[in-house]
file work.cif (mmCIF, C-alpha atoms)
data_work
#
loop_
_atom_site.label_atom_id
_atom_site.label_comp_id
_atom_site.auth_asym_id
_atom_site.auth_seq_id
_atom_site.Cartn_x
_atom_site.Cartn_y
_atom_site.Cartn_z
CA MET A 1 -38.42 81.18 88.72
CA THR A 2 -35.37 79.00 89.27
CA GLY A 3 -33.33 76.74 87.02
CA PRO A 4 -32.22 73.09 87.23
CA ALA A 5 -31.49 71.97 90.78
CA THR A 6 -28.02 70.67 89.88
CA ASN A 7 -26.87 73.85 88.13
CA ASP A 8 -24.62 75.20 90.84
CA VAL A 9 -21.48 77.26 90.24
CA GLN A 10 -19.10 74.29 90.11
CA VAL A 11 -21.24 72.23 87.73
CA VAL A 12 -21.86 75.13 85.35
CA TRP A 13 -18.20 76.15 85.19
CA MET A 14 -16.95 72.62 84.63
CA GLN A 15 -19.58 72.03 81.93
CA ARG A 16 -18.72 75.31 80.22
CA PHE A 17 -15.05 74.34 80.27
CA LEU A 18 -15.84 71.06 78.54
CA ASP A 19 -18.10 72.75 76.00
CA SER A 20 -15.41 75.32 75.15
CA GLY A 21 -13.31 72.62 73.49
CA GLN A 22 -10.09 73.75 75.21
CA LEU A 23 -9.54 70.30 76.68
CA LEU A 24 -8.78 67.71 74.02
CA ASP A 25 -7.34 64.81 76.02
CA LEU A 26 -10.09 62.17 76.31
CA GLY A 27 -8.86 60.97 79.70
CA ASP A 28 -8.95 64.46 81.19
CA ARG A 29 -12.40 65.10 79.72
CA ALA A 30 -13.64 61.86 81.25
CA GLN A 31 -12.32 62.89 84.68
CA ILE A 32 -14.07 66.26 84.51
CA GLN A 33 -17.29 64.63 83.35
CA GLN A 34 -17.07 62.23 86.27
CA ALA A 35 -16.49 65.18 88.65
CA ILE A 36 -19.62 66.85 87.24
CA GLU A 37 -21.73 63.75 87.81
CA LEU A 38 -20.39 63.33 91.35
CA ARG A 39 -21.16 66.96 92.15
CA LYS A 40 -24.69 66.60 90.78
CA ALA A 41 -25.27 63.49 92.87
CA GLU A 42 -23.98 65.32 95.97
CA ILE A 43 -26.38 68.22 95.35
CA VAL A 44 -29.38 65.94 94.78
CA SER A 45 -28.59 64.01 97.96
CA GLY A 46 -28.20 67.22 99.96
CA LEU A 47 -31.49 68.62 98.71
CA ALA A 48 -33.28 65.39 99.62
CA HIS A 49 -32.35 65.68 103.29
CA PRO A 50 -35.64 66.03 105.30
CA THR A 51 -34.37 68.95 107.39
CA ALA A 52 -33.09 70.75 104.29
CA GLN A 53 -36.44 70.27 102.56
CA LYS A 54 -38.32 71.64 105.58
CA TRP A 55 -36.15 74.75 105.76
CA THR A 56 -36.23 75.25 102.00
CA ARG A 57 -40.03 75.56 102.22
CA LYS A 58 -39.73 78.01 105.12
CA LEU A 59 -37.05 80.12 103.40
CA GLN A 60 -38.97 80.31 100.13
CA LYS A 61 -42.19 81.24 101.92
CA GLU A 62 -40.90 83.66 104.56
CA VAL A 63 -37.76 85.16 102.95
CA GLU A 64 -37.43 84.78 99.19
CA PRO A 65 -38.57 82.17 96.59
CA LEU A 66 -35.06 82.03 95.12
CA LEU A 67 -33.53 80.39 98.22
CA ARG A 68 -32.98 76.77 99.13
CA MET A 69 -31.18 74.78 101.81
CA ARG A 70 -29.15 71.62 101.29
CA MET A 71 -26.88 69.38 103.31
CA ASP A 72 -23.26 69.59 102.24
CA PRO A 73 -21.18 66.54 103.30
CA ARG A 74 -18.20 68.76 104.18
CA LEU A 75 -19.83 71.93 105.53
CA GLY A 76 -23.21 70.87 106.90
CA TYR A 77 -26.35 72.86 106.09
CA VAL A 78 -25.80 75.65 103.56
CA ILE A 79 -28.14 78.07 101.79
CA ASP A 80 -28.07 78.66 98.04
CA ARG A 81 -29.70 81.40 95.98
CA TRP A 82 -30.61 81.23 92.32
CA VAL A 83 -28.80 83.91 90.27
CA GLU A 84 -30.82 84.36 87.09
CA THR A 85 -28.22 86.50 85.32
CA GLU A 86 -25.60 83.76 85.70
CA GLY A 87 -27.85 80.75 85.36
CA TRP A 88 -26.64 78.95 88.49
CA TRP A 89 -27.24 78.33 92.20
CA HIS A 90 -24.78 80.29 94.29
CA GLN A 91 -23.93 79.43 97.90
CA ILE A 92 -24.48 82.34 100.27
CA PRO A 93 -21.30 82.88 102.39
CA GLY A 94 -21.42 81.23 105.78
CA VAL A 95 -22.49 77.78 106.94
CA ILE A 96 -24.92 76.59 109.60
CA GLY A 97 -23.11 73.41 110.60
CA PHE A 98 -24.41 69.89 111.00
CA GLN A 99 -26.96 70.71 113.71
CA GLU A 100 -30.47 71.68 112.65
CA PRO A 101 -30.79 75.47 112.17
CA ARG A 102 -32.00 77.35 115.22
CA PRO A 103 -35.38 79.11 115.25
CA GLY A 104 -35.20 82.64 113.93
CA LEU A 105 -33.08 81.80 110.88
CA CYS A 106 -35.64 83.33 108.53
CA ASP A 107 -35.71 86.56 110.54
CA ARG A 108 -31.92 86.74 110.47
CA MET A 109 -31.91 86.09 106.72
CA ARG A 110 -34.42 88.89 106.16
CA ASN A 111 -32.69 91.44 108.34
CA GLN A 112 -29.05 90.73 109.06
CA TYR A 113 -27.86 88.25 106.46
CA ASP A 114 -29.51 89.56 103.29
CA MET A 115 -26.22 89.07 101.43
CA TRP A 116 -27.82 88.71 98.02
CA LYS A 117 -29.02 92.31 98.31
CA LYS A 118 -25.67 93.77 99.34
CA ALA A 119 -23.15 91.76 97.34
CA THR A 120 -22.57 90.65 93.79
CA PRO A 121 -21.88 86.98 92.97
CA LYS A 122 -18.22 87.89 92.43
CA GLU A 123 -17.99 89.48 95.88
CA ASN A 124 -19.60 86.38 97.40
CA GLU A 125 -17.09 84.12 95.62
CA GLU A 126 -14.15 86.20 96.82
CA ALA A 127 -15.50 86.14 100.38
CA ILE A 128 -15.91 82.35 100.32
CA ALA A 129 -12.37 81.96 98.95
CA GLY A 130 -11.00 84.30 101.63
CA LYS A 131 -9.71 86.80 99.07
CA ALA A 132 -11.78 89.76 100.26
CA ARG A 133 -13.95 90.90 103.13
CA HIS A 134 -17.65 90.44 102.44
CA PRO A 135 -19.60 93.74 102.09
CA ILE A 136 -21.83 92.90 105.05
CA LEU A 137 -18.80 92.21 107.24
CA ARG A 138 -17.28 95.49 106.05
CA GLU A 139 -20.45 97.23 107.21
CA LYS A 140 -20.09 95.56 110.60
CA ASP A 141 -16.44 96.64 110.75
CA GLU A 142 -17.41 100.25 110.09
CA ALA A 143 -20.12 100.10 112.75
CA SER A 144 -17.65 98.65 115.25
CA GLN A 145 -15.11 101.37 114.50
CA LYS A 146 -17.76 104.03 115.14
CA ILE A 147 -18.57 102.48 118.51
CA ILE A 148 -14.88 102.24 119.44
CA LYS A 149 -14.33 105.86 118.46
CA ALA A 150 -17.37 106.99 120.46
CA ASN A 151 -16.15 105.07 123.54
CA GLU A 152 -12.68 106.61 123.22
CA GLU A 153 -14.20 110.07 122.99
CA LYS A 154 -16.30 109.41 126.11
CA ALA A 155 -13.22 108.25 128.00
CA THR A 156 -11.30 111.33 126.88
CA ASP A 157 -14.16 113.58 127.97
CA LYS A 158 -14.14 111.97 131.43
CA VAL A 159 -10.41 112.57 131.80
CA LEU A 160 -10.75 116.16 130.66
CA ALA A 161 -13.64 116.69 133.07
CA ALA A 162 -11.53 115.31 135.93
CA VAL A 163 -8.65 117.61 134.99
CA ASP A 164 -10.96 120.62 134.75
CA SER A 165 -12.24 119.88 138.26
CA LEU A 166 -8.74 120.29 139.75
CA SER A 167 -7.93 123.48 141.56
CA ASP A 168 -4.99 125.61 140.46
CA LYS A 169 -2.90 124.24 143.32
CA GLN A 170 -3.78 120.63 142.47
CA MET A 171 -2.99 121.28 138.83
CA ARG A 172 0.46 122.69 139.68
CA GLU A 173 1.19 119.70 141.91
CA PHE A 174 0.01 117.28 139.24
CA ILE A 175 2.22 118.87 136.58
CA ALA A 176 5.21 118.94 138.92
CA VAL A 177 4.83 115.24 139.80
CA GLU A 178 4.44 114.21 136.17
CA ARG A 179 7.49 116.24 135.17
CA ALA A 180 9.50 114.66 137.97
CA ARG A 181 8.41 111.15 136.93
CA HIS A 182 9.50 111.70 133.34
CA THR A 183 12.76 113.49 134.09
CA GLY A 184 13.90 111.28 136.97
CA GLU A 185 13.74 114.07 139.57
CA LYS A 186 13.25 113.25 143.22
CA ILE A 187 9.61 113.38 144.32
CA VAL A 188 9.01 114.99 147.74
CA HIS A 189 5.71 113.99 149.31
CA HIS A 190 3.60 116.31 151.45
CA GLY A 191 0.40 116.12 153.43
CA GLN A 192 -1.67 112.95 153.08
CA ASP A 193 0.74 111.54 150.51
CA LEU A 194 3.61 111.92 152.95
CA LYS A 195 1.65 110.20 155.74
CA PHE A 196 0.79 107.28 153.41
CA MET A 197 4.41 106.83 152.35
CA GLU A 198 5.57 106.97 155.98
CA ARG A 199 3.08 104.25 156.97
CA LEU A 200 4.19 102.11 154.04
CA GLU A 201 7.88 102.48 154.91
CA GLU A 202 7.17 101.66 158.56
CA SER A 203 5.28 98.52 157.55
CA GLU A 204 8.18 97.39 155.39
CA ARG A 205 10.72 98.00 158.18
CA SER A 206 8.65 96.17 160.76
CA GLY A 207 7.99 93.23 158.45
CA THR A 208 4.21 93.55 158.64
CA ALA A 209 3.91 94.29 154.94
CA GLU A 210 3.83 91.17 152.76
CA ALA A 211 6.14 91.14 149.76
CA VAL A 212 3.54 89.26 147.72
CA SER A 213 -0.10 88.33 148.07
CA ALA A 214 -0.76 85.58 150.59
CA ASP A 215 -2.66 83.66 147.94
CA MET A 216 0.22 83.62 145.50
CA GLY A 217 3.04 82.50 147.75
CA PRO A 218 6.67 83.71 147.81
CA ASP A 219 7.90 81.58 144.92
CA CYS A 220 5.26 82.31 142.31
CA GLY A 221 5.63 85.17 139.87
CA ASN A 222 2.80 83.97 137.64
CA PRO A 223 1.57 80.38 138.18
CA GLY A 224 -0.57 80.47 135.07
CA MET A 225 2.42 81.29 132.91
CA ASN A 226 3.85 77.79 132.66
CA PRO A 227 1.94 74.85 134.16
CA LYS A 228 5.08 72.70 134.03
CA LEU A 229 6.89 74.98 136.47
CA TYR A 230 4.13 75.64 138.99
CA LYS A 231 1.49 73.57 140.67
CA ARG A 232 -1.27 74.53 143.08
CA ALA A 233 -0.86 73.32 146.65
CA THR A 234 -3.38 73.03 149.47
CA GLY A 235 -4.71 76.28 150.86
CA GLY A 236 -4.41 78.32 147.69
CA LYS A 237 -0.61 78.52 147.67
CA HIS A 238 1.49 78.14 144.54
CA ILE A 239 4.89 76.46 144.77
CA ARG A 240 7.54 75.38 142.30
CA GLU A 241 7.75 71.71 141.36
#
call {"tool": "encode", "arguments": {"input": "work.cif", "output": "structure tokens"}}
result
Amino acid sequence: MTGPATNDVQVVWMQRFLDSGQLLDLGDRAQIQQAIELRKAEIVSGLAHPTAQKWTRKLQKEVEPLLRMRMDPRLGYVIDRWVETEGWWHQIPGVIGFQEPRPGLCDRMRNQYDMWKKATPKENEEAIAGKARHPILREKDEASQKIIKANEEKATDKVLAAVDSLSDKQMREFIAVERARHTGEKIVHHGQDLKFMERLEESERSGTAEAVSADMGPDCGNPGMNPKLYKRATGGKHIRE
């Protein structure tokens, strides 16, 4: 069972403020009363939208009778839920936009976006205002962190497995090279490494080794860095302007 269609959070709070008698200035009271009437008219208009009415029937039938959809002039389609304990319609965090909702919305509301089951009205308000992370998003954050941690552990296991597969000689050479890199010692190459370095040095001396990629050109450190400095020329080259 739901209450009056125009009893949303804003209307109820403004009306309660007027009824409290804290505001005595007649001009200010008239402004708030006008704001209440404008908000009510906005809600009625949004509920009368044909697409909102169609989806309200679907949501109430397939998800929960306490739901409704309306068109908000600033946010597009939004979904409200009646909160009996508070006596108002409360907007569920998140908006659909101005395009008609995609098929499967009811399934997503039942499974993934059942915010009314996992958050209090206060938590929803704080999430809408950007003051706190919504409980459902916190759940997603925790799930993401678990996946990241699992991936890091898998990567570490692969590295450890590769290290374990090294022979004693390879391990000594690996440690010696790493120590030399970090301490600035001279690295002496042997075997296949020495042959590779000799071929590289010979290519550089003979001029057959290109200083930069042929596609990038000699004058381009990073053409995508500043489009005002570089432009693309014919043949895939990059040159300065």
call {"tool": "resolve_selection", "arguments": {"input": "work.cif", "expression": "the PyMOL selection byres ((chain A and resi 75-77) around 8)", "output": "PyMOL selection string"}}
result
chain A and resi 52+69-74+78-79+95-101
call {"tool": "resolve_selection", "arguments": {"input": "work.cif", "expression": "the PyMOL selection byres ((chain A and resi 90) around 10)", "output": "PyMOL selection string"}}
result
chain A and resi 7-10+67+79-83+86-89+91-93+116+121+124-125
call {"tool": "atom_distance", "arguments": {"input": "work.cif", "atom1": "CA of Thr6 in chain A", "atom2": "CA of Ile43 in chain A"}}
result
6.2 Å
call {"tool": "atom_distance", "arguments": {"input": "work.cif", "atom1": "CA of Trp13 in chain A", "atom2": "CA of Ile36 in chain A"}}
result
9.6 Å
call {"tool": "atom_distance", "arguments": {"input": "work.cif", "atom1": "CA of Val44 in chain A", "atom2": "CA of Val12 in chain A"}}
result
15.2 Å
call {"tool": "axis_aligned_box", "arguments": {"input": "work.cif", "around": "range 57-65 of chain A", "padding_each_side": "5 Å", "output": "JSON"}}
result
{"center_x": -39.6, "center_y": 80.4, "center_z": 100.9, "size_x": 15.1, "size_y": 19.6, "size_z": 18.5}
call {"tool": "closest_residue", "arguments": {"input": "work.cif", "among": "A:Ser203, A:Lys61, A:Leu26, A:Glu173", "to": "His190 in chain A", "atoms": "all atoms listed in the file"}}
result
A:Glu173
call {"tool": "closest_residue", "arguments": {"input": "work.cif", "among": "A:Arg68, A:Arg133, A:Lys195, A:Arg205", "to": "Thr56 in chain A", "atoms": "all atoms listed in the file"}}
result
A:Arg68
